[in-house]
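Novice: The file below is upload_31.cif, mmCIF, C-alpha atoms:
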```cif
data_protein
#
loop_
_atom_site.label_atom_id
_atom_site.label_comp_id
_atom_site.auth_asym_id
_atom_site.auth_seq_id
_atom_site.Cartn_x
_atom_site.Cartn_y
_atom_site.Cartn_z
CA MET A 1 -46.57 1.89 4.55
CA ALA A 2 -44.38 -0.93 5.78
CA LYS A 3 -45.72 -4.43 5.48
CA ASN A 4 -42.90 -5.89 7.54
CA GLY A 5 -43.97 -9.04 9.27
CA ASN A 6 -41.40 -11.68 8.51
CA ILE A 7 -38.59 -10.11 6.58
CA SER A 8 -35.58 -12.30 5.86
CA THR A 9 -32.42 -11.68 7.86
CA SER A 10 -30.44 -10.96 4.70
CA VAL A 11 -32.78 -8.12 3.73
CA ILE A 12 -32.63 -6.70 7.27
CA LYS A 13 -28.84 -6.83 7.15
CA ARG A 14 -28.86 -4.71 3.98
CA LEU A 15 -31.25 -2.05 5.33
CA PRO A 16 -28.67 -0.08 7.38
CA ARG A 17 -26.57 0.23 4.25
CA TYR A 18 -29.51 1.59 2.28
CA TYR A 19 -30.10 3.97 5.17
CA ARG A 20 -26.48 5.21 5.03
CA PHE A 21 -26.40 5.64 1.26
CA LEU A 22 -29.73 7.46 1.20
CA GLY A 23 -28.40 9.75 3.94
CA GLU A 24 -25.43 10.61 1.71
CA LEU A 25 -27.74 11.37 -1.21
CA GLU A 26 -29.93 13.56 0.98
CA LYS A 27 -26.85 15.51 2.14
CA GLN A 28 -25.94 16.05 -1.51
CA GLY A 29 -29.40 17.52 -2.10
CA ILE A 30 -30.57 14.69 -4.36
CA GLU A 31 -34.35 14.31 -4.27
CA ARG A 32 -35.06 11.28 -6.44
CA ILE A 33 -33.03 8.26 -7.49
CA SER A 34 -33.77 5.34 -9.80
CA SER A 35 -33.07 1.76 -8.74
CA ARG A 36 -30.45 1.66 -11.53
CA GLU A 37 -28.55 4.67 -10.14
CA LEU A 38 -28.82 3.33 -6.59
CA SER A 39 -27.60 -0.07 -7.78
CA GLU A 40 -24.48 1.45 -9.35
CA MET A 41 -23.64 3.31 -6.13
CA MET A 42 -24.26 0.33 -3.89
CA LYS A 43 -22.86 -2.39 -6.16
CA LEU A 44 -26.09 -4.36 -6.04
CA THR A 45 -28.28 -5.24 -9.02
CA ALA A 46 -31.27 -2.98 -9.70
CA SER A 47 -33.60 -5.96 -9.42
CA GLN A 48 -32.11 -6.86 -6.01
CA ILE A 49 -32.85 -3.33 -4.82
CA ARG A 50 -36.42 -3.40 -6.16
CA GLN A 51 -36.95 -6.78 -4.51
CA ASP A 52 -35.51 -5.63 -1.15
CA LEU A 53 -37.56 -2.45 -1.01
CA ASN A 54 -40.69 -4.27 -2.12
CA CYS A 55 -40.59 -6.19 1.17
CA PHE A 56 -41.78 -3.02 2.87
CA GLY A 57 -44.44 -1.98 0.45
CA GLY A 58 -43.93 -0.21 -2.86
CA PHE A 59 -41.71 2.79 -2.25
CA GLY A 60 -40.85 3.52 -5.87
CA GLN A 61 -43.01 4.81 -8.65
CA GLN A 62 -42.44 3.30 -12.09
CA GLY A 63 -40.51 5.82 -14.15
CA TYR A 64 -40.03 8.29 -11.27
CA GLY A 65 -37.60 6.37 -9.07
CA TYR A 66 -37.49 6.61 -5.31
CA HIS A 67 -38.05 9.75 -3.28
CA VAL A 68 -34.79 9.82 -1.30
CA ALA A 69 -35.97 11.54 1.89
CA SER A 70 -39.17 9.55 2.35
CA LEU A 71 -37.50 6.24 1.54
CA ARG A 72 -34.78 7.03 4.07
CA ASP A 73 -37.33 8.07 6.71
CA GLU A 74 -39.32 4.90 6.18
CA ILE A 75 -36.26 2.62 6.36
CA GLY A 76 -35.08 4.51 9.46
CA HIS A 77 -38.48 3.99 11.04
CA ILE A 78 -38.38 0.25 10.22
CA LEU A 79 -34.88 0.00 11.72
CA GLY A 80 -36.01 1.80 14.85
CA VAL A 81 -33.70 4.84 14.58
CA ASP A 82 -36.47 6.92 16.17
CA LYS A 83 -36.25 4.71 19.29
CA GLU A 84 -33.98 5.39 22.24
CA PHE A 85 -33.40 1.97 23.77
CA PRO A 86 -31.48 2.50 27.03
CA THR A 87 -28.15 0.73 26.61
CA ILE A 88 -25.32 -0.29 28.92
CA LEU A 89 -21.77 -1.14 27.95
CA ILE A 90 -19.62 -3.58 29.92
CA GLY A 91 -15.85 -3.43 29.57
CA ALA A 92 -14.22 -0.03 29.15
CA GLY A 93 -10.93 -0.97 27.52
CA ASN A 94 -9.88 0.68 24.25
CA LEU A 95 -12.53 -1.19 22.29
CA GLY A 96 -15.25 -0.46 24.85
CA LYS A 97 -14.33 3.23 24.87
CA ALA A 98 -14.35 3.39 21.07
CA ILE A 99 -17.75 1.70 20.91
CA ALA A 100 -19.12 3.97 23.68
CA MET A 101 -18.10 7.07 21.74
CA HIS A 102 -19.61 5.57 18.61
CA ILE A 103 -22.96 5.02 20.35
CA ASN A 104 -22.84 8.42 22.02
CA PHE A 105 -22.30 10.36 18.83
CA GLY A 106 -24.27 9.76 15.71
CA THR A 107 -25.89 6.45 16.52
CA ARG A 108 -29.63 6.33 16.66
CA GLY A 109 -31.93 3.70 18.04
CA CYS A 110 -30.18 3.48 21.37
CA ARG A 111 -29.03 5.79 24.14
CA LEU A 112 -25.96 4.92 26.19
CA ALA A 113 -27.08 5.06 29.83
CA GLY A 114 -24.17 3.45 31.67
CA ILE A 115 -20.62 2.12 31.27
CA PHE A 116 -19.18 -0.53 33.60
CA ASP A 117 -15.77 -2.07 34.15
CA ALA A 118 -14.43 -4.56 36.69
CA ASN A 119 -11.20 -2.59 37.07
CA PRO A 120 -11.69 -0.22 40.05
CA ARG A 121 -8.97 2.08 38.71
CA LEU A 122 -11.31 3.02 35.85
CA THR A 123 -14.21 3.89 38.14
CA GLY A 124 -15.12 7.56 37.76
CA GLU A 125 -13.16 8.10 34.55
CA THR A 126 -15.48 9.55 31.89
CA VAL A 127 -16.06 8.44 28.32
CA GLY A 128 -17.87 11.13 26.40
CA SER A 129 -19.87 12.55 29.27
CA ILE A 130 -20.54 9.22 31.00
CA ALA A 131 -18.66 8.17 34.13
CA ILE A 132 -17.44 4.56 34.26
CA ARG A 133 -19.00 2.60 37.15
CA HIS A 134 -17.76 -0.56 38.81
CA THR A 135 -19.41 -3.78 37.57
CA ASP A 136 -20.65 -4.35 41.14
CA GLU A 137 -23.16 -1.58 40.48
CA ILE A 138 -24.76 -3.21 37.42
CA GLU A 139 -27.57 -4.89 39.34
CA GLU A 140 -28.73 -1.76 41.13
CA PHE A 141 -28.38 0.28 37.94
CA CYS A 142 -30.53 -2.16 35.95
CA LYS A 143 -33.23 -2.13 38.61
CA GLU A 144 -33.40 1.67 38.45
CA GLU A 145 -32.77 2.45 34.79
CA HIS A 146 -34.17 -0.66 33.05
CA PRO A 147 -31.66 -0.87 30.19
CA VAL A 148 -32.74 -3.06 27.26
CA ILE A 149 -29.52 -3.47 25.26
CA ALA A 150 -26.11 -4.54 26.63
CA VAL A 151 -22.86 -4.12 24.73
CA LEU A 152 -20.22 -6.66 25.82
CA CYS A 153 -16.59 -5.63 25.34
CA ILE A 154 -15.21 -8.08 27.90
CA PRO A 155 -12.83 -11.06 27.83
CA LYS A 156 -14.17 -14.30 26.43
CA ALA A 157 -14.03 -16.21 29.71
CA ASN A 158 -16.58 -14.00 31.49
CA THR A 159 -19.07 -13.51 28.70
CA GLN A 160 -21.61 -16.30 29.19
CA ALA A 161 -21.89 -15.76 32.96
CA ILE A 162 -22.35 -12.00 32.65
CA ALA A 163 -24.86 -12.44 29.83
CA ASP A 164 -26.94 -14.90 31.88
CA LYS A 165 -26.96 -12.44 34.79
CA LEU A 166 -27.97 -9.56 32.52
CA VAL A 167 -30.88 -11.55 31.08
CA GLU A 168 -32.15 -12.01 34.66
CA LEU A 169 -31.84 -8.24 35.09
CA GLY A 170 -34.05 -7.55 32.08
CA ILE A 171 -31.62 -7.12 29.17
CA LYS A 172 -33.29 -8.16 25.90
CA SER A 173 -30.51 -7.66 23.33
CA PHE A 174 -26.77 -8.16 23.27
CA TRP A 175 -24.20 -6.57 21.03
CA ASN A 176 -21.33 -8.93 21.71
CA PHE A 177 -17.70 -8.06 20.88
CA SER A 178 -16.11 -10.72 23.10
CA HIS A 179 -14.52 -13.62 21.22
CA TYR A 180 -17.11 -15.90 22.73
CA ASP A 181 -20.02 -16.98 20.48
CA LEU A 182 -22.84 -15.93 22.74
CA THR A 183 -25.93 -18.09 22.53
CA ILE A 184 -28.86 -17.44 24.77
CA ASP A 185 -31.42 -20.11 25.29
CA HIS A 186 -34.10 -17.84 26.73
CA LYS A 187 -36.90 -16.95 24.39
CA GLY A 188 -37.21 -13.38 23.25
CA ILE A 189 -33.53 -12.43 23.49
CA GLU A 190 -31.55 -11.14 20.52
CA VAL A 191 -27.80 -11.48 20.09
CA GLU A 192 -25.56 -9.82 17.53
CA ASN A 193 -22.08 -11.32 17.73
CA VAL A 194 -19.33 -9.19 16.20
CA HIS A 195 -16.24 -11.24 15.46
CA LEU A 196 -13.56 -8.85 14.28
CA GLY A 197 -11.11 -11.74 13.99
CA ASP A 198 -13.39 -13.53 11.51
CA SER A 199 -13.62 -10.41 9.39
CA LEU A 200 -9.83 -10.08 9.29
CA LEU A 201 -9.38 -13.77 8.43
CA THR A 202 -11.65 -13.49 5.40
CA LEU A 203 -9.46 -10.58 4.29
CA THR A 204 -6.21 -12.52 4.78
CA TYR A 205 -7.80 -15.37 2.81
CA ARG A 206 -8.57 -13.03 -0.08
CA THR A 207 -5.09 -11.43 0.19
CA ASN A 208 -3.61 -14.90 -0.02
CA GLN A 209 -5.70 -15.68 -3.12
CA LEU A 210 -4.44 -12.46 -4.77
CA GLY A 211 -0.87 -13.69 -4.36
CA LYS A 212 -1.78 -17.05 -5.89
CA ALA A 213 -3.48 -15.37 -8.86
CA GLU A 214 -0.28 -13.39 -9.50
CA ASP A 215 1.84 -16.54 -9.35
CA GLU A 216 -0.22 -18.24 -12.06
CA MET B 1 -6.26 -31.76 -0.02
CA ALA B 2 -7.98 -28.47 -0.72
CA LYS B 3 -9.64 -28.08 -4.09
CA ASN B 4 -10.33 -24.39 -3.54
CA GLY B 5 -10.54 -22.58 -6.83
CA ASN B 6 -13.72 -20.57 -6.81
CA ILE B 7 -15.35 -20.89 -3.42
CA SER B 8 -18.42 -18.77 -2.81
CA THR B 9 -18.06 -15.74 -0.56
CA SER B 10 -20.67 -17.09 1.86
CA VAL B 11 -18.65 -20.28 2.45
CA ILE B 12 -15.47 -18.24 2.93
CA LYS B 13 -17.27 -16.05 5.45
CA ARG B 14 -18.19 -19.14 7.49
CA LEU B 15 -14.67 -20.61 7.51
CA PRO B 16 -13.23 -18.43 10.31
CA ARG B 17 -16.11 -19.52 12.50
CA TYR B 18 -15.38 -23.21 11.81
CA TYR B 19 -11.77 -22.44 12.59
CA ARG B 20 -12.70 -20.90 15.96
CA PHE B 21 -15.07 -23.69 16.98
CA LEU B 22 -12.59 -26.40 16.00
CA GLY B 23 -9.95 -24.58 18.06
CA GLU B 24 -12.27 -24.73 21.08
CA LEU B 25 -12.83 -28.47 20.54
CA GLU B 26 -9.09 -29.05 20.22
CA LYS B 27 -8.51 -27.19 23.51
CA GLN B 28 -11.07 -29.46 25.16
CA GLY B 29 -9.10 -32.47 23.93
CA ILE B 30 -11.80 -33.66 21.51
CA GLU B 31 -10.31 -35.66 18.64
CA ARG B 32 -13.26 -36.42 16.38
CA ILE B 33 -16.62 -34.80 15.81
CA SER B 34 -19.59 -35.71 13.63
CA SER B 35 -21.27 -33.17 11.38
CA ARG B 36 -24.36 -33.57 13.57
CA GLU B 37 -22.49 -32.63 16.76
CA LEU B 38 -20.73 -29.76 15.03
CA SER B 39 -24.06 -28.56 13.65
CA GLU B 40 -25.60 -28.44 17.14
CA MET B 41 -22.68 -26.39 18.47
CA MET B 42 -22.62 -24.01 15.56
CA LYS B 43 -26.37 -23.72 14.99
CA LEU B 44 -26.04 -24.75 11.35
CA THR B 45 -27.64 -27.79 9.73
CA ALA B 46 -25.48 -30.91 9.42
CA SER B 47 -26.02 -30.91 5.66
CA GLN B 48 -24.87 -27.28 5.47
CA ILE B 49 -21.67 -28.27 7.26
CA ARG B 50 -21.06 -31.25 4.99
CA GLN B 51 -21.68 -29.08 1.95
CA ASP B 52 -19.33 -26.32 3.17
CA LEU B 53 -16.49 -28.66 4.02
CA ASN B 54 -16.95 -30.57 0.79
CA CYS B 55 -15.85 -27.44 -1.08
CA PHE B 56 -12.34 -28.17 0.05
CA GLY B 57 -12.22 -31.88 -0.62
CA GLY B 58 -13.65 -34.60 1.56
CA PHE B 59 -12.47 -34.03 5.11
CA GLY B 60 -14.89 -36.36 6.83
CA GLN B 61 -15.08 -40.11 6.73
CA GLN B 62 -18.56 -41.61 6.64
CA GLY B 63 -19.34 -42.94 10.11
CA TYR B 64 -16.14 -41.60 11.69
CA GLY B 65 -16.82 -37.87 11.63
CA TYR B 66 -14.17 -35.23 11.22
CA HIS B 67 -10.69 -35.34 12.72
CA VAL B 68 -10.72 -32.05 14.65
CA ALA B 69 -7.02 -31.16 14.52
CA SER B 70 -6.46 -31.93 10.85
CA LEU B 71 -9.69 -30.23 9.77
CA ARG B 72 -8.69 -27.13 11.75
CA ASP B 73 -5.17 -27.16 10.29
CA GLU B 74 -6.50 -27.47 6.78
CA ILE B 75 -9.04 -24.66 7.23
CA GLY B 76 -6.34 -22.52 8.82
CA HIS B 77 -4.09 -23.18 5.85
CA ILE B 78 -6.88 -22.24 3.43
CA LEU B 79 -7.51 -19.02 5.38
CA GLY B 80 -3.83 -18.20 5.33
CA VAL B 81 -3.24 -18.21 9.12
CA ASP B 82 0.26 -19.52 8.42
CA LYS B 83 1.01 -16.33 6.47
CA GLU B 84 2.43 -13.15 7.98
CA PHE B 85 1.24 -10.39 5.70
CA PRO B 86 2.94 -7.18 6.82
CA THR B 87 0.18 -4.82 7.91
CA ILE B 88 -0.08 -1.12 8.74
CA LEU B 89 -2.78 0.61 10.74
CA ILE B 90 -3.79 4.23 10.14
CA GLY B 91 -5.59 6.13 12.90
CA ALA B 92 -4.58 5.45 16.50
CA GLY B 93 -7.69 6.58 18.37
CA ASN B 94 -9.42 4.24 20.82
CA LEU B 95 -10.70 2.01 18.02
CA GLY B 96 -7.33 1.97 16.24
CA LYS B 97 -5.56 1.07 19.47
CA ALA B 98 -8.06 -1.71 20.22
CA ILE B 99 -7.67 -3.14 16.72
CA ALA B 100 -3.87 -2.87 16.91
CA MET B 101 -3.81 -4.87 20.16
CA HIS B 102 -6.17 -7.40 18.59
CA ILE B 103 -3.86 -7.91 15.60
CA ASN B 104 -0.76 -7.99 17.81
CA PHE B 105 -2.04 -10.70 20.11
CA GLY B 106 -3.67 -13.80 18.85
CA THR B 107 -4.34 -12.89 15.27
CA ARG B 108 -2.71 -14.95 12.61
CA GLY B 109 -2.33 -14.28 8.93
CA CYS B 110 -0.93 -10.81 9.40
CA ARG B 111 1.81 -9.07 11.34
CA LEU B 112 1.39 -5.47 12.48
CA ALA B 113 4.44 -3.61 11.15
CA GLY B 114 3.50 0.03 11.71
CA ILE B 115 0.90 2.35 13.26
CA PHE B 116 0.31 5.88 11.97
CA ASP B 117 -1.69 8.88 13.12
CA ALA B 118 -1.99 12.45 11.83
CA ASN B 119 -1.96 13.84 15.36
CA PRO B 120 1.67 14.75 16.19
CA ARG B 121 0.90 14.48 19.92
CA LEU B 122 0.52 10.72 19.50
CA THR B 123 3.86 10.28 17.72
CA GLY B 124 6.16 8.06 19.77
CA GLU B 125 3.41 6.70 22.04
CA THR B 126 3.46 2.90 21.94
CA VAL B 127 0.61 0.45 21.38
CA GLY B 128 1.65 -3.03 22.38
CA SER B 129 5.31 -2.72 21.50
CA ILE B 130 4.84 -0.59 18.40
CA ALA B 131 5.56 3.15 18.39
CA ILE B 132 3.00 5.37 16.65
CA ARG B 133 4.51 7.28 13.71
CA HIS B 134 3.25 10.42 12.03
CA THR B 135 1.24 9.84 8.83
CA ASP B 136 3.87 11.88 6.95
CA GLU B 137 6.13 8.84 7.32
CA ILE B 138 3.79 6.38 5.59
CA GLU B 139 5.32 6.76 2.14
CA GLU B 140 8.89 6.13 3.25
CA PHE B 141 7.76 3.26 5.50
CA CYS B 142 5.90 1.54 2.65
CA LYS B 143 8.90 1.85 0.35
CA GLU B 144 11.09 0.13 2.95
CA GLU B 145 8.76 -2.40 4.56
CA HIS B 146 6.36 -3.23 1.71
CA PRO B 147 3.20 -3.71 3.78
CA VAL B 148 0.39 -5.56 1.99
CA ILE B 149 -2.62 -4.93 4.25
CA ALA B 150 -3.79 -1.54 5.59
CA VAL B 151 -6.26 -1.14 8.45
CA LEU B 152 -8.14 2.16 8.26
CA CYS B 153 -9.45 3.56 11.56
CA ILE B 154 -9.73 7.14 10.32
CA PRO B 155 -12.55 9.65 9.85
CA LYS B 156 -14.82 9.14 6.88
CA ALA B 157 -13.75 12.31 5.07
CA ASN B 158 -10.14 11.22 4.57
CA THR B 159 -10.67 7.59 3.69
CA GLN B 160 -10.87 7.53 -0.10
CA ALA B 161 -7.86 9.83 -0.57
CA ILE B 162 -5.67 7.85 1.84
CA ALA B 163 -6.76 4.55 0.30
CA ASP B 164 -5.90 5.75 -3.21
CA LYS B 165 -2.47 6.86 -2.01
CA LEU B 166 -1.90 3.51 -0.24
CA VAL B 167 -2.76 1.57 -3.41
CA GLU B 168 -0.04 3.55 -5.21
CA LEU B 169 2.33 2.55 -2.41
CA GLY B 170 1.63 -1.15 -2.92
CA ILE B 171 -1.17 -1.96 -0.45
CA LYS B 172 -3.29 -4.85 -1.76
CA SER B 173 -5.96 -5.23 0.93
CA PHE B 174 -7.93 -2.88 3.14
CA TRP B 175 -9.66 -3.60 6.44
CA ASN B 176 -11.81 -0.49 6.59
CA PHE B 177 -13.44 0.70 9.85
CA SER B 178 -14.17 4.24 8.68
CA HIS B 179 -17.82 5.00 8.04
CA TYR B 180 -17.01 5.45 4.38
CA ASP B 181 -17.91 2.58 2.01
CA LEU B 182 -14.53 2.11 0.43
CA THR B 183 -14.61 1.02 -3.18
CA ILE B 184 -11.42 0.63 -5.09
CA ASP B 185 -11.53 0.55 -8.84
CA HIS B 186 -8.07 -0.90 -9.31
CA LYS B 187 -7.89 -4.56 -10.21
CA GLY B 188 -6.46 -6.95 -7.68
CA ILE B 189 -7.34 -5.01 -4.55
CA GLU B 190 -9.46 -6.48 -1.76
CA VAL B 191 -11.61 -4.43 0.64
CA GLU B 192 -13.35 -5.61 3.81
CA ASN B 193 -15.61 -2.83 5.08
CA VAL B 194 -16.60 -3.14 8.75
CA HIS B 195 -19.65 -1.04 9.52
CA LEU B 196 -20.21 -1.24 13.26
CA GLY B 197 -23.16 1.13 12.94
CA ASP B 198 -24.91 -1.26 10.55
CA SER B 199 -24.43 -4.12 12.96
CA LEU B 200 -25.97 -2.10 15.81
CA LEU B 201 -28.90 -1.00 13.65
CA THR B 202 -29.82 -4.60 12.81
CA LEU B 203 -29.83 -5.23 16.57
CA THR B 204 -32.04 -2.22 17.34
CA TYR B 205 -34.36 -3.43 14.55
CA ARG B 206 -34.64 -6.84 16.21
CA THR B 207 -35.04 -5.25 19.65
CA ASN B 208 -37.85 -3.16 18.25
CA GLN B 209 -39.52 -6.26 16.80
CA LEU B 210 -39.31 -7.97 20.23
CA GLY B 211 -41.27 -5.10 21.73
CA LYS B 212 -43.90 -5.39 19.00
CA ALA B 213 -44.22 -9.14 19.53
CA GLU B 214 -44.87 -8.48 23.23
CA ASP B 215 -47.52 -5.89 22.43
CA GLU B 216 -49.46 -8.34 20.25
#
```
Could you write out this structure as structure tokens?
Specialist:
Amino acid sequence: MAKNGNISTSVIKRLPRYYRFLGELEKQGIERISSRELSEMMKLTASQIRQDLNCFGGFGQQGYGYHVASLRDEIGHILGVDKEFPTILIGAGNLGKAIAMHINFGTRGCRLAGIFDANPRLTGETVGSIAIRHTDEIEEFCKEEHPVIAVLCIPKANTQAIADKLVELGIKSFWNFSHYDLTIDHKGIEVENVHLGDSLLTLTYRTNQLGKAEDE
Amino acid sequence: MAKNGNISTSVIKRLPRYYRFLGELEKQGIERISSRELSEMMKLTASQIRQDLNCFGGFGQQGYGYHVASLRDEIGHILGVDKEFPTILIGAGNLGKAIAMHINFGTRGCRLAGIFDANPRLTGETVGSIAIRHTDEIEEFCKEEHPVIAVLCIPKANTQAIADKLVELGIKSFWNFSHYDLTIDHKGIEVENVHLGDSLLTLTYRTNQLGKAEDE
């Protein structure tokens, strides 16, 4: 059904949200939903929703709305939730542990295969059911388990060097939580930088604007 | 200098990244930078950069580029990094602890005033230098300390109810890490939802596309 060749990044970025909302509707036992109803829930315009979903072939039927379960299945399939990309996580501090638990429970599309930390005192400690290994073991692990995705929860200073090494070891995609803007010049590598600080700063900006509006 | 009345959300979302990159340049002792050089670093077009920075009044001088330190100061001022909005964090699991440390060290614009968790076994444990309090104490704390920002690191099921309560207690802005899409119908409230799962799903999508490209 999907005609997804070159879909714009902004549409792709909205798909997981559609997937979540449709999951909620399914849980509530709702079978069909119109683009208008979906738009009210998701605070998007109905025409935006029709446009987005049109990228993947016509899901909706004029006058009948969308079939919740099949739309969700199709979007899930496009997103790759039925995949199990083997994934490693580097850096088992509080953030790394939180992200590891997040991947372990309820996340689809990837399977956490290993957790690594440079601190030998953490070696052997378990997160979920996975024992933390020393970073010295990454190379051997990659050669045996062939992980595809690496999650980086490490200090900024080490990020580029570790990422370069991991590319050599076969990693194709990075989910990067370090404060370093990871850029990889190899072809065929994907990077998703998560800058929590940037997200908070946009909120303090808006909080600041609220105060100004009140002063006026 | 700033002429920031109604700046589009997409420009605002890019500002923290400018702020970070300019901070790096300042650390490296670089005084001036052209929009072309900045565009190469940031993987944006030079005209995009000129357009963005024009929103706030002309920072650059034709032929001289931007003065790194003053541009960074001005952007920081616009973002509100010189503010200290009192902030509370609810939910002191691994993620909550990681976020608390993040706010405590190196984040500007807000000051972590209190951490709360419903689990009485966590009461009194410290994160950074802040003792975790029981959620029963939130109301009294808000009446005394008047926090403005709340960070929610709590399970999905409780989010809307806690957020509604916090609005009554004077909270103006939410940084929401729960899996619940927080929407607040009161006027003058800001919400920044952080959906880590969505970010990972866009990465698994792109990883999946890589595999397909290789198969072709």
Novice: For chain A against chain B, with a cut-off of 6 Å and counting all atoms listed in the file, what is the closest atom pair and its distance in Å to one decimal for every residue that makes the cut, ordered by chain and number, as CSV?
Specialist:
```
residue,atom,partner,partner_atom,distance
A:Pro16,CA,B:Asp198,CA,5.1
A:Leu79,CA,B:Tyr205,CA,4.5
A:Gly80,CA,B:Tyr205,CA,5.5
A:Asn94,CA,B:Asn94,CA,5.0
A:Leu95,CA,B:Ala98,CA,5.0
A:Ala98,CA,B:Leu95,CA,5.0
A:Gly109,CA,B:Thr204,CA,6.0
A:Asp198,CA,B:Pro16,CA,5.0
A:Thr204,CA,B:Gly109,CA,5.9
A:Tyr205,CA,B:Leu79,CA,4.5
```
Novice: I'd like the interatomic distance between CA of Ile49 in chain A and CA of Glu31 in chain A, to a tenth of an Å.
Specialist: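 Computed distance, CA of Ile49 in chain A to CA of Glu31 in chain A, equals 17.7 Å.
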Novice: Between CA of Ile132 in chain A and CA of Gln160 in chain A, what is the distance, to one decimal in Å?
Specialist: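 CA of Gln160 in chain A lies at a distance of 21.9 Å from CA of Ile132 in chain A.
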Novice: Go through the shown structure with the PyMOL selection byres ((chain A and resi 156-159) around 8) and write out the matching residues as a PyMOL selection string.
Specialist: chain A and resi 152+154-155+160-163+178-180+182
Novice: So that I can see what lies close to Asn104 in chain B, please list as a PyMOL selection string the residues with an atom at most 10 Å from it, counting only C-alpha atoms and leaving out residues fewer than 5 positions away in the same chain.
Specialist: chain B and resi 98-99+110-113+127-130
